Amino acid sequence: MATHESLLRTRAPYDAAAMLDFLTAHAVPGRDIVRGFGDAAGASSSHAIDVLGGTVVAHIDWAELHESGSEVVVPLRLDVPHTEPVKVRDSTLSHAEPAEVLEGAFAVLRRMLDLDADPAQIVSALGDDPRLSPLIVQRPGLRLPGARNSQEFALGTVLGQQVSLAAARTLQGRLAAQFAAGPSAAGFLAAPDVAAIAATDASELRERIGLTAARAETLRTVAAALAGGLDVGHTADVASARVEFGALRGIGPWSVEIVAMRAMRDLDAYPAGDLILKRVLGTRTERETRELAESWRPYRGYATQHLWADFLAA
């Protein structure tokens, strides 16, 4: 099969280890596979992504359902150390693949891995803050991971409310298994079908996914809004999407900010009600947490990512 090489570039430094940790922690059963690189057997139809500049330490695969309806499976290899210049190389692309599918896959990669970030601008905006400066020195190339699929992410945010990350991953895996939008590709489930979820009674969702009654109602409500045209992706009008998404029953400010940050790619999104943020900042109220972060605009999302990463590493 004929192949060619394409390059996806990003500015150094790039904290590949932190990105790998994030993707590993958020891997959804049936939608993602995390394994040692030596165990990864690449298929000829896969898109092998190499981040150059160090030793390959792991291999993450995920499946993405694109707007064209084509399913693309991408084995992702992230290298460390992160201090070296980074570029992402795809060496197994087939000329038979539709160009728009490949372009869509690469666009998803750039958002997921935050390859368009400018570390110098982030340091300029946040580096003088006494709270953030040591964190930035420790993780100079930390990026703000994006959502693979905005609709899936919004549903996953609902499932992740007030439960552990491990429990959220389990629920997301059940959702994909029960409501995959299409056939499996290379062993991966397709993204959940929002229309099918919206057409399912809340009581049935509760039973099939293992949810509380209130959470099942919220999931159905959000799915119906997404199926009806609510855009919470990177092409959305962020201001109006925030209002419309936040007006849905069961959706609070924290969920709005998380979806804005990861799916809408609002780099200034800031979940002021987040319990970890309050703890690390020593604040008691959302207002106090919000006021403390005013000087971090327009990169409060990156500040949040640094604070989270530091807390989780402790």
# chains A, B, ... in the order shown; residues from 1 in each chain; ligands from 1
$ residues_around --residues "range 208-225 of chain A" --least-positions-apart "5" --cutoff "8 Å" --atoms "only C-alpha atoms" --output "count of residues only"
23
$ residues_around --residues "range 138-151 of chain A" --least-positions-apart "4" --cutoff "6 Å" --atoms "only C-alpha atoms" --output "list in words"
Pro13, Tyr14, Asp15, Arg111, Met112, Leu113, Asp114, Gly233, Arg262 and Ala263 of chain A
$ select_by_dssp --residues "range 107-302 of chain A" --states "helix (DSSP H, G or I)" --output "ChimeraX atom specification"
/A:107-113,119-126,133-138,150-159,165-179,194-198,202-210,213-227,238-246,253-262,275-281,286-292,294-296,300-302
$ residues_around --residues "Glu244 in chain A" --least-positions-apart "5" --cutoff "10 Å" --atoms "only C-alpha atoms" --output "ChimeraX atom specification"
/A:225,230-232,238-239,256
$ residues_around --residues "Leu135 in chain A" --least-positions-apart "2" --cutoff "10 Å" --atoms "only C-alpha atoms" --output "MDAnalysis selection string"
chainID A and resid 127 130:133 137:140 142 303 306:307 309:310
$ write_last_selection --atoms "N, CA and C atoms" --output "short mmCIF file (atom, residue, chain, number, x, y, z; two decimals), in the first residue's frame"
data_model
loop_
_atom_site.label_atom_id
_atom_site.label_comp_id
_atom_site.auth_asym_id
_atom_site.auth_seq_id
_atom_site.Cartn_x
_atom_site.Cartn_y
_atom_site.Cartn_z
N GLY A 127 3.85 33.90 33.94
CA GLY A 127 5.13 33.60 34.57
C GLY A 127 5.53 34.48 35.72
N PRO A 130 3.36 34.79 41.51
CA PRO A 130 4.12 33.99 42.49
C PRO A 130 3.58 32.59 42.70
N ARG A 131 2.30 32.37 42.47
CA ARG A 131 1.74 31.03 42.61
C ARG A 131 2.08 30.15 41.42
N LEU A 132 2.05 30.74 40.22
CA LEU A 132 2.20 29.96 39.00
C LEU A 132 3.63 29.84 38.51
N SER A 133 4.47 30.81 38.84
CA SER A 133 5.83 30.82 38.31
C SER A 133 6.59 29.53 38.59
N VAL A 137 7.94 26.77 35.73
CA VAL A 137 9.33 26.35 35.65
C VAL A 137 9.44 24.83 35.69
N GLN A 138 8.59 24.21 36.52
CA GLN A 138 8.61 22.76 36.67
C GLN A 138 8.05 22.05 35.45
N ARG A 139 7.02 22.63 34.83
CA ARG A 139 6.37 22.02 33.66
C ARG A 139 6.24 23.07 32.55
N PRO A 140 7.36 23.45 31.92
CA PRO A 140 7.33 24.56 30.96
C PRO A 140 6.51 24.30 29.70
N LEU A 142 3.66 22.38 29.55
CA LEU A 142 2.35 21.81 29.84
C LEU A 142 1.30 22.38 28.90
N ALA A 303 -3.62 28.21 33.52
CA ALA A 303 -3.33 28.33 34.95
C ALA A 303 -4.01 27.19 35.71
N HIS A 306 -2.14 23.90 35.21
CA HIS A 306 -0.93 23.85 36.02
C HIS A 306 -1.26 23.55 37.47
N LEU A 307 -2.27 24.17 37.99
CA LEU A 307 -2.66 23.94 39.40
C LEU A 307 -3.14 22.51 39.60
N ALA A 309 -2.34 19.87 37.73
CA ALA A 309 -1.20 18.96 37.55
C ALA A 309 -0.33 18.92 38.79
N ASP A 310 -0.11 20.07 39.39
CA ASP A 310 0.72 20.13 40.58
C ASP A 310 0.04 19.40 41.75
#
$ atom_distance --atom1 "CA of Tyr302 in chain A" --atom2 "CA of Leu126 in chain A"
8.8 Å
$ closest_residue --among "A:Arg242, A:Gly104, A:Glu291, A:Ile136" --to "Met261 in chain A" --atoms "only C-alpha atoms"
A:Arg242
$ residues_around --residues "Gly156 in chain A" --least-positions-apart "4" --cutoff "7 Å" --atoms "only C-alpha atoms" --output "PyMOL selection string"
chain A and resi 152+160+172
$ closest_residue --among "A:Arg279, A:Ala227, A:Gly173, A:Phe153" --to "Asp193 in chain A" --atoms "only C-alpha atoms"
A:Ala227
$ closest_residue --among "A:Pro298, A:Pro29, A:Gln162, A:Ala120" --to "Ala12 in chain A" --atoms "only C-alpha atoms"
A:Ala120
$ closest_residue --among "A:Met19, A:Leu277, A:Ala269, A:Ile33" --to "Phe188 in chain A" --atoms "only C-alpha atoms"
A:Ile33
$ closest_residue --among "A:Leu115, A:Ala236, A:Val34, A:Ala176" --to "Asp21 in chain A" --atoms "only C-alpha atoms"
A:Val34
$ closest_residue --among "A:Ser295, A:Ser255, A:Gln305, A:Thr157" --to "Ser124 in chain A" --atoms "only C-alpha atoms"
A:Ser295
$ decode --residues "range 208-247 of chain A" --atoms "N, CA and C atoms" --output "compact mmCIF listing (two decimals), in the first residue's frame"
# COMPACT_ATOMS: atom_id res chain seq x y z
N ARG A 208 -29.57 0.87 31.83
CA ARG A 208 -28.55 0.39 30.91
C ARG A 208 -27.15 0.92 31.24
N ILE A 209 -27.08 2.14 31.79
CA ILE A 209 -25.77 2.74 32.07
C ILE A 209 -25.39 2.62 33.54
N GLY A 210 -26.41 2.52 34.41
CA GLY A 210 -26.13 2.46 35.84
C GLY A 210 -26.05 3.83 36.46
N LEU A 211 -27.09 4.65 36.23
CA LEU A 211 -27.10 6.03 36.68
C LEU A 211 -28.17 6.26 37.73
N THR A 212 -28.04 7.37 38.43
CA THR A 212 -29.14 7.82 39.28
C THR A 212 -30.24 8.35 38.37
N ALA A 213 -31.43 8.49 38.91
CA ALA A 213 -32.55 9.00 38.12
C ALA A 213 -32.26 10.42 37.63
N ALA A 214 -31.73 11.26 38.50
CA ALA A 214 -31.45 12.64 38.11
C ALA A 214 -30.38 12.71 37.04
N ARG A 215 -29.34 11.89 37.17
CA ARG A 215 -28.26 11.91 36.18
C ARG A 215 -28.76 11.39 34.83
N ALA A 216 -29.63 10.40 34.83
CA ALA A 216 -30.19 9.90 33.59
C ALA A 216 -31.02 10.96 32.88
N GLU A 217 -31.78 11.73 33.65
CA GLU A 217 -32.58 12.81 33.06
C GLU A 217 -31.68 13.87 32.44
N THR A 218 -30.60 14.22 33.16
CA THR A 218 -29.68 15.22 32.63
C THR A 218 -29.00 14.73 31.37
N LEU A 219 -28.59 13.47 31.36
CA LEU A 219 -27.94 12.90 30.17
C LEU A 219 -28.86 12.97 28.97
N ARG A 220 -30.12 12.61 29.16
CA ARG A 220 -31.09 12.64 28.07
C ARG A 220 -31.34 14.07 27.62
N THR A 221 -31.42 14.99 28.56
CA THR A 221 -31.64 16.40 28.22
C THR A 221 -30.49 16.96 27.39
N VAL A 222 -29.27 16.67 27.80
CA VAL A 222 -28.10 17.15 27.07
C VAL A 222 -28.03 16.50 25.69
N ALA A 223 -28.29 15.20 25.62
CA ALA A 223 -28.27 14.52 24.32
C ALA A 223 -29.29 15.11 23.37
N ALA A 224 -30.48 15.42 23.90
CA ALA A 224 -31.52 16.01 23.05
C ALA A 224 -31.10 17.38 22.53
N ALA A 225 -30.45 18.17 23.38
CA ALA A 225 -29.99 19.49 22.94
C ALA A 225 -28.91 19.36 21.87
N LEU A 226 -27.99 18.43 22.06
CA LEU A 226 -26.94 18.21 21.06
C LEU A 226 -27.53 17.70 19.75
N ALA A 227 -28.47 16.77 19.85
CA ALA A 227 -29.11 16.25 18.64
C ALA A 227 -29.91 17.33 17.93
N GLY A 228 -30.38 18.30 18.70
CA GLY A 228 -31.17 19.39 18.14
C GLY A 228 -30.34 20.52 17.56
N GLY A 229 -29.02 20.41 17.65
CA GLY A 229 -28.17 21.40 17.01
C GLY A 229 -27.30 22.23 17.93
N LEU A 230 -27.34 22.02 19.23
CA LEU A 230 -26.47 22.76 20.13
C LEU A 230 -25.02 22.42 19.83
N ASP A 231 -24.24 23.43 19.51
CA ASP A 231 -22.83 23.25 19.17
C ASP A 231 -21.99 23.61 20.39
N VAL A 232 -21.25 22.63 20.93
CA VAL A 232 -20.35 22.90 22.05
C VAL A 232 -18.91 22.60 21.63
N GLY A 233 -18.65 22.61 20.34
CA GLY A 233 -17.32 22.32 19.83
C GLY A 233 -16.51 23.56 19.57
N HIS A 234 -15.37 23.37 18.90
CA HIS A 234 -14.44 24.47 18.67
C HIS A 234 -14.98 25.50 17.68
N THR A 235 -16.04 25.16 16.95
CA THR A 235 -16.64 26.11 16.00
C THR A 235 -17.79 26.90 16.62
N ALA A 236 -18.10 26.64 17.87
CA ALA A 236 -19.26 27.27 18.52
C ALA A 236 -19.02 28.74 18.80
N ASP A 237 -20.11 29.50 18.86
CA ASP A 237 -20.06 30.83 19.43
C ASP A 237 -20.01 30.62 20.95
N VAL A 238 -18.85 30.85 21.53
CA VAL A 238 -18.62 30.44 22.91
C VAL A 238 -19.59 31.10 23.87
N ALA A 239 -19.83 32.39 23.69
CA ALA A 239 -20.71 33.11 24.62
C ALA A 239 -22.12 32.53 24.61
N SER A 240 -22.69 32.34 23.43
CA SER A 240 -24.05 31.83 23.35
C SER A 240 -24.11 30.36 23.72
N ALA A 241 -23.09 29.59 23.36
CA ALA A 241 -23.07 28.17 23.71
C ALA A 241 -22.99 27.98 25.21
N ARG A 242 -22.23 28.82 25.89
CA ARG A 242 -22.17 28.76 27.35
C ARG A 242 -23.56 28.97 27.96
N VAL A 243 -24.27 29.97 27.46
CA VAL A 243 -25.59 30.29 27.99
C VAL A 243 -26.56 29.14 27.72
N GLU A 244 -26.58 28.65 26.50
CA GLU A 244 -27.52 27.59 26.12
C GLU A 244 -27.22 26.29 26.85
N PHE A 245 -25.95 25.93 26.94
CA PHE A 245 -25.58 24.70 27.63
C PHE A 245 -25.86 24.83 29.13
N GLY A 246 -25.54 25.98 29.70
CA GLY A 246 -25.75 26.19 31.13
C GLY A 246 -27.20 26.26 31.53
N ALA A 247 -28.09 26.54 30.57
CA ALA A 247 -29.52 26.62 30.86
C ALA A 247 -30.18 25.25 30.92
